[in-house]
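Text of the file coords_6.json, holding JSON, C-alpha atoms:
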[["chain", "number", "residue", "atom", "x", "y", "z"],
["A", 288, "MET", "CA", 16.83, -32.87, -16.28],
["A", 289, "ILE", "CA", 18.26, -29.79, -14.52],
["A", 290, "ASP", "CA", 20.72, -32.03, -12.69],
["A", 291, "LYS", "CA", 22.31, -32.98, -16.00],
["A", 292, "ILE", "CA", 23.48, -29.40, -16.53],
["A", 293, "ASP", "CA", 27.17, -28.95, -15.88],
["A", 294, "PHE", "CA", 27.16, -25.42, -14.52],
["A", 295, "GLU", "CA", 30.83, -25.61, -13.61],
["A", 296, "LYS", "CA", 31.81, -25.94, -17.28],
["A", 297, "ASN", "CA", 31.33, -22.17, -17.64],
["A", 298, "ASN", "CA", 31.91, -20.51, -14.25],
["A", 299, "GLY", "CA", 28.54, -21.61, -12.87],
["A", 300, "LEU", "CA", 26.62, -20.17, -15.80],
["A", 301, "ILE", "CA", 24.72, -21.59, -18.76],
["A", 302, "PRO", "CA", 23.99, -19.55, -21.92],
["A", 303, "VAL", "CA", 20.31, -19.05, -22.75],
["A", 304, "ILE", "CA", 19.08, -18.27, -26.26],
["A", 305, "VAL", "CA", 15.82, -16.34, -26.15],
["A", 306, "GLN", "CA", 13.35, -16.80, -29.01],
["A", 307, "GLU", "CA", 9.99, -15.12, -29.55],
["A", 308, "ASP", "CA", 7.10, -17.56, -29.67],
["A", 309, "GLU", "CA", 4.98, -16.11, -32.47],
["A", 310, "THR", "CA", 7.70, -15.18, -34.96],
["A", 311, "ASN", "CA", 10.58, -17.51, -33.98],
["A", 312, "GLU", "CA", 12.78, -14.39, -34.01],
["A", 313, "VAL", "CA", 15.93, -14.71, -31.86],
["A", 314, "LEU", "CA", 15.75, -11.80, -29.41],
["A", 315, "MET", "CA", 18.87, -12.03, -27.24],
["A", 316, "MET", "CA", 21.24, -14.27, -25.37],
["A", 317, "ALA", "CA", 21.89, -14.10, -21.63],
["A", 318, "TYR", "CA", 23.21, -16.32, -18.85],
["A", 319, "MET", "CA", 21.60, -18.17, -15.95],
["A", 320, "ASN", "CA", 23.10, -19.70, -12.86],
["A", 321, "LYS", "CA", 21.34, -22.57, -11.11],
["A", 322, "GLU", "CA", 19.34, -20.23, -8.87],
["A", 323, "SER", "CA", 18.06, -18.03, -11.69],
["A", 324, "LEU", "CA", 17.16, -21.09, -13.75],
["A", 325, "GLN", "CA", 15.11, -22.44, -10.85],
["A", 326, "MET", "CA", 13.43, -19.03, -10.38],
["A", 327, "THR", "CA", 12.59, -18.93, -14.09],
["A", 328, "LEU", "CA", 11.06, -22.41, -13.97],
["A", 329, "ASP", "CA", 9.08, -21.52, -10.83],
["A", 330, "THR", "CA", 7.82, -18.06, -11.85],
["A", 331, "LYS", "CA", 7.77, -18.41, -15.66],
["A", 332, "ILE", "CA", 9.32, -14.92, -15.78],
["A", 333, "ALA", "CA", 12.80, -14.89, -17.33],
["A", 334, "THR", "CA", 15.43, -14.38, -14.64],
["A", 335, "TYR", "CA", 19.11, -14.25, -15.53],
["A", 336, "TYR", "CA", 22.44, -13.82, -13.85],
["A", 337, "SER", "CA", 24.05, -10.52, -14.80],
["A", 338, "ARG", "CA", 27.78, -11.01, -15.39],
["A", 339, "SER", "CA", 28.43, -7.25, -15.24],
["A", 340, "ARG", "CA", 26.50, -6.66, -12.02],
["A", 341, "ASN", "CA", 27.22, -10.10, -10.50],
["A", 342, "SER", "CA", 23.64, -10.49, -9.37],
["A", 343, "LEU", "CA", 20.30, -12.04, -10.22],
["A", 344, "TRP", "CA", 18.43, -10.05, -12.85],
["A", 345, "VAL", "CA", 14.69, -10.28, -13.35],
["A", 346, "LYS", "CA", 14.46, -9.06, -16.95],
["A", 347, "GLY", "CA", 11.92, -6.23, -17.12],
["A", 348, "GLU", "CA", 12.14, -5.33, -13.44],
["A", 349, "THR", "CA", 13.04, -1.74, -14.27],
["A", 350, "SER", "CA", 11.86, -1.43, -17.90],
["A", 351, "GLY", "CA", 8.61, -3.38, -17.58],
["A", 352, "HIS", "CA", 9.77, -5.47, -20.54],
["A", 353, "TYR", "CA", 9.21, -8.85, -18.91],
["A", 354, "GLN", "CA", 9.64, -12.12, -20.75],
["A", 355, "HIS", "CA", 6.89, -14.67, -20.13],
["A", 356, "VAL", "CA", 8.43, -18.11, -20.50],
["A", 357, "LEU", "CA", 6.42, -20.59, -22.55],
["A", 358, "LYS", "CA", 8.90, -23.37, -23.36],
["A", 359, "MET", "CA", 12.45, -24.33, -22.48],
["A", 360, "TYR", "CA", 14.78, -26.85, -24.12],
["A", 361, "LEU", "CA", 18.22, -28.15, -23.19],
["A", 362, "ASP", "CA", 20.62, -29.09, -25.97],
["A", 363, "CYS", "CA", 22.15, -32.49, -26.70],
["A", 364, "ASP", "CA", 25.16, -31.99, -24.44],
["A", 365, "TYR", "CA", 23.30, -30.18, -21.66],
["A", 366, "ASP", "CA", 25.25, -26.93, -21.82],
["A", 367, "THR", "CA", 22.93, -24.50, -23.64],
["A", 368, "ILE", "CA", 19.27, -23.57, -23.12],
["A", 369, "LEU", "CA", 16.76, -22.44, -25.73],
["A", 370, "MET", "CA", 13.89, -20.49, -24.17],
["A", 371, "VAL", "CA", 10.70, -19.50, -26.00],
["A", 372, "VAL", "CA", 8.98, -16.41, -24.63],
["A", 373, "LYS", "CA", 6.22, -13.88, -25.06],
["A", 374, "GLN", "CA", 8.09, -10.57, -24.89],
["A", 375, "ASP", "CA", 6.52, -7.50, -23.26],
["A", 376, "GLY", "CA", 7.79, -4.41, -25.14],
["A", 377, "VAL", "CA", 11.22, -5.00, -26.65],
["A", 378, "ALA", "CA", 14.09, -7.29, -25.67],
["A", 379, "CYS", "CA", 17.05, -4.97, -26.24],
["A", 380, "HIS", "CA", 18.11, -2.17, -23.91],
["A", 381, "THR", "CA", 18.73, 0.02, -27.00],
["A", 382, "GLY", "CA", 15.02, 0.02, -27.81],
["A", 383, "GLU", "CA", 15.40, -2.43, -30.71],
["A", 384, "LYS", "CA", 13.14, -5.45, -30.60],
["A", 385, "SER", "CA", 16.03, -7.91, -30.93],
["A", 386, "CYS", "CA", 19.64, -7.44, -29.80],
["A", 387, "PHE", "CA", 20.90, -8.83, -33.13],
["A", 388, "PHE", "CA", 20.69, -5.72, -35.29],
["A", 389, "ASN", "CA", 24.34, -5.28, -36.35],
["A", 390, "LYS", "CA", 24.73, -6.86, -39.78],
["A", 391, "LEU", "CA", 28.06, -8.71, -40.17],
["A", 392, "LEU", "CA", 27.19, -10.48, -43.42],
["B", 170, "MET", "CA", 32.59, -4.51, -37.37],
["B", 171, "ILE", "CA", 34.65, -7.63, -36.53],
["B", 172, "ASP", "CA", 37.15, -5.40, -34.70],
["B", 173, "LYS", "CA", 34.45, -4.44, -32.20],
["B", 174, "ILE", "CA", 34.26, -8.04, -30.94],
["B", 175, "ASP", "CA", 35.97, -8.50, -27.60],
["B", 176, "PHE", "CA", 37.24, -12.06, -28.03],
["B", 177, "GLU", "CA", 39.20, -11.90, -24.80],
["B", 178, "LYS", "CA", 35.99, -11.55, -22.77],
["B", 179, "ASN", "CA", 35.45, -15.31, -23.16],
["B", 180, "ASN", "CA", 38.86, -16.99, -23.61],
["B", 181, "GLY", "CA", 39.19, -15.87, -27.22],
["B", 182, "LEU", "CA", 35.81, -17.29, -28.21],
["B", 183, "ILE", "CA", 32.43, -15.84, -29.16],
["B", 184, "PRO", "CA", 29.19, -17.86, -28.93],
["B", 185, "VAL", "CA", 27.32, -18.32, -32.21],
["B", 186, "ILE", "CA", 23.60, -19.07, -32.35],
["B", 187, "VAL", "CA", 22.72, -20.98, -35.52],
["B", 188, "GLN", "CA", 19.28, -20.49, -37.03],
["B", 189, "GLU", "CA", 17.75, -22.15, -40.10],
["B", 190, "ASP", "CA", 16.81, -19.67, -42.81],
["B", 191, "GLU", "CA", 13.51, -21.10, -44.03],
["B", 192, "THR", "CA", 11.92, -22.03, -40.71],
["B", 193, "ASN", "CA", 13.71, -19.73, -38.23],
["B", 194, "GLU", "CA", 14.30, -22.86, -36.12],
["B", 195, "VAL", "CA", 17.28, -22.59, -33.76],
["B", 196, "LEU", "CA", 19.55, -25.50, -34.66],
["B", 197, "MET", "CA", 22.54, -25.31, -32.30],
["B", 198, "MET", "CA", 25.04, -23.09, -30.57],
["B", 199, "ALA", "CA", 28.80, -23.29, -31.05],
["B", 200, "TYR", "CA", 31.87, -21.09, -30.58],
["B", 201, "MET", "CA", 34.18, -19.24, -32.98],
["B", 202, "ASN", "CA", 37.60, -17.74, -32.43],
["B", 203, "LYS", "CA", 38.77, -14.87, -34.62],
["B", 204, "GLU", "CA", 40.32, -17.21, -37.19],
["B", 205, "SER", "CA", 37.22, -19.40, -37.60],
["B", 206, "LEU", "CA", 35.02, -16.31, -37.85],
["B", 207, "GLN", "CA", 37.21, -14.96, -40.64],
["B", 208, "MET", "CA", 37.13, -18.36, -42.40],
["B", 209, "THR", "CA", 33.34, -18.43, -42.12],
["B", 210, "LEU", "CA", 33.03, -14.94, -43.60],
["B", 211, "ASP", "CA", 35.43, -15.85, -46.42],
["B", 212, "THR", "CA", 34.07, -19.30, -47.35],
["B", 213, "LYS", "CA", 30.40, -18.91, -46.27],
["B", 214, "ILE", "CA", 30.72, -22.41, -44.78],
["B", 215, "ALA", "CA", 30.27, -22.46, -40.98],
["B", 216, "THR", "CA", 33.60, -23.01, -39.27],
["B", 217, "TYR", "CA", 33.84, -23.15, -35.50],
["B", 218, "TYR", "CA", 36.41, -23.62, -32.78],
["B", 219, "SER", "CA", 35.95, -26.92, -31.00],
["B", 220, "ARG", "CA", 36.48, -26.46, -27.27],
["B", 221, "SER", "CA", 36.78, -30.22, -26.69],
["B", 222, "ARG", "CA", 39.30, -30.81, -29.48],
["B", 223, "ASN", "CA", 40.99, -27.39, -29.22],
["B", 224, "SER", "CA", 41.03, -26.98, -32.97],
["B", 225, "LEU", "CA", 39.24, -25.42, -35.91],
["B", 226, "TRP", "CA", 36.17, -27.38, -36.94],
["B", 227, "VAL", "CA", 34.58, -27.11, -40.37],
["B", 228, "LYS", "CA", 31.08, -28.30, -39.54],
["B", 229, "GLY", "CA", 30.15, -31.11, -41.93],
["B", 230, "GLU", "CA", 33.73, -32.03, -42.81],
["B", 231, "THR", "CA", 33.17, -35.63, -41.71],
["B", 232, "SER", "CA", 29.35, -35.91, -41.79],
["B", 233, "GLY", "CA", 28.71, -33.95, -44.98],
["B", 234, "HIS", "CA", 26.25, -31.84, -42.99],
["B", 235, "TYR", "CA", 27.66, -28.48, -43.99],
["B", 236, "GLN", "CA", 26.06, -25.19, -43.02],
["B", 237, "HIS", "CA", 25.85, -22.62, -45.83],
["B", 238, "VAL", "CA", 25.98, -19.20, -44.23],
["B", 239, "LEU", "CA", 23.45, -16.69, -45.54],
["B", 240, "LYS", "CA", 23.41, -13.92, -42.90],
["B", 241, "MET", "CA", 25.30, -12.99, -39.75],
["B", 242, "TYR", "CA", 24.44, -10.47, -37.04],
["B", 243, "LEU", "CA", 26.33, -9.20, -34.02],
["B", 244, "ASP", "CA", 24.39, -8.27, -30.91],
["B", 245, "CYS", "CA", 24.16, -4.87, -29.22],
["B", 246, "ASP", "CA", 27.21, -5.40, -27.00],
["B", 247, "TYR", "CA", 29.33, -7.21, -29.59],
["B", 248, "ASP", "CA", 29.71, -10.48, -27.71],
["B", 249, "THR", "CA", 27.28, -12.88, -29.42],
["B", 250, "ILE", "CA", 26.68, -13.78, -33.06],
["B", 251, "LEU", "CA", 23.44, -14.90, -34.71],
["B", 252, "MET", "CA", 24.08, -16.83, -37.92],
["B", 253, "VAL", "CA", 21.39, -17.79, -40.43],
["B", 254, "VAL", "CA", 22.18, -20.89, -42.49],
["B", 255, "LYS", "CA", 20.94, -23.39, -45.02],
["B", 256, "GLN", "CA", 21.64, -26.71, -43.29],
["B", 257, "ASP", "CA", 22.70, -29.79, -45.29],
["B", 258, "GLY", "CA", 21.26, -32.87, -43.56],
["B", 259, "VAL", "CA", 20.82, -32.29, -39.82],
["B", 260, "ALA", "CA", 22.61, -30.02, -37.36],
["B", 261, "CYS", "CA", 22.92, -32.36, -34.37],
["B", 262, "HIS", "CA", 25.44, -35.18, -34.04],
["B", 263, "THR", "CA", 22.65, -37.36, -32.57],
["B", 264, "GLY", "CA", 20.78, -37.32, -35.88],
["B", 265, "GLU", "CA", 18.13, -34.88, -34.65],
["B", 266, "LYS", "CA", 17.61, -31.83, -36.85],
["B", 267, "SER", "CA", 18.16, -29.40, -33.95],
["B", 268, "CYS", "CA", 20.30, -29.89, -30.84],
["B", 269, "PHE", "CA", 17.49, -28.49, -28.66],
["B", 270, "PHE", "CA", 15.33, -31.59, -28.24],
["B", 271, "ASN", "CA", 15.38, -32.05, -24.43],
["B", 272, "LYS", "CA", 12.24, -30.46, -23.05],
["B", 273, "LEU", "CA", 12.84, -28.62, -19.74],
["B", 274, "LEU", "CA", 9.49, -26.84, -19.62]]
Translate this file's structure into structure tokens.
Amino acid sequence: MIDKIDFEKNNGLIPVIVQEDETNEVLMMAYMNKESLQMTLDTKIATYYSRSRNSLWVKGETSGHYQHVLKMYLDCDYDTILMVVKQDGVACHTGEKSCFFNKLL
Amino acid sequence: MIDKIDFEKNNGLIPVIVQEDETNEVLMMAYMNKESLQMTLDTKIATYYSRSRNSLWVKGETSGHYQHVLKMYLDCDYDTILMVVKQDGVACHTGEKSCFFNKLL
């Protein structure tokens, strides 16, 4: 299934929507490259590719707010991932539980 | 709030996560440019920018599967939108309710 992902479509990265298991709340979105996706599948700890730091990023490594990966889905055209997690602490670096706290509408 | 969005960060587009209001199910992800975001805010009918067709795309225009926009949130760094909708019919062009039906894990 992983081989169907066209990483090149978006500079080697695929967007990952992160959803909390118990509440279905959408917590954040981040990006994975092929290596971080494989690490996430192997370790079941969410690992992303940081576009600002240009490096692998084990979420929670410094904050302790790890994401324990329970389920992962690929969308119909293989270019977006939905990942269901158990979140330690909060997802957002601001201290909010979810990154989506700015109301537009 | 819209003016805080850095559209140029991603070729003039911002990713939009679409979530169903009643169930909190994640239905799909698509992209908006500034014009389609403004149209969505004005009409409350989800309007995207199609990267494959390079044009505005009123979701449901051909299928009748419109998305009625109830809430919109911008994330902490202003580069991703979460949109809560009432979905007419199904979200996915395959006939599935959600685009995320390929199980990776």
- Message: Using all atoms listed in the file, can you tell me which of B:Lys240, B:Arg220, B:Lys178, B:Lys255 comes closest to chain A?
- Response: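 Of B:Lys240, B:Arg220, B:Lys178, B:Lys255, the one nearest chain A, counting all atoms listed in the file, is B:Lys240.
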- Between B:Asp257, B:Glu204, B:Glu177, B:Glu265, which has the minimum distance to chain A (counting only C-alpha atoms)?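 Closest to chain A, using only C-alpha atoms: B:Glu265.
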- Item | Residue hits in chain A, query chain B, radius 7 Å, only C-alpha atoms, as a ChimeraX atom specification | /A:288,311-312,358-363,369,386-392
- Choose the residue, out of B:Val259, B:Ile214, B:Asp190, B:Met201, that has the smallest atom-to-atom separation from Ser232 of chain B; count only C-alpha atoms. B:Val259
- Item | Shortest interatomic distance to Ser337 of chain A - which of A:Gly382, A:Val303, A:Tyr318, A:Gly351, counting all atoms listed in the file |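 The shortest atom-to-atom distance to Ser337 of chain A comes from A:Tyr318.
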- Task: Go ahead and compute the interatomic distance for atom CA of Tyr218 of chain B and atom CA of Asn320 of chain A, in Å to one decimal.
- Result: 24.3 Å
- List the neighbours of Ala333 of chain A out to 8 Å using only C-alpha atoms; skip same-chain residues closer than 2 positions along the sequence, and give me the result as a list in words.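 Here the qualifying residues turn out to be Thr327, Lys331, Tyr335, Val345, Lys346, Tyr353, Gln354, His355 and Val356 of chain A.
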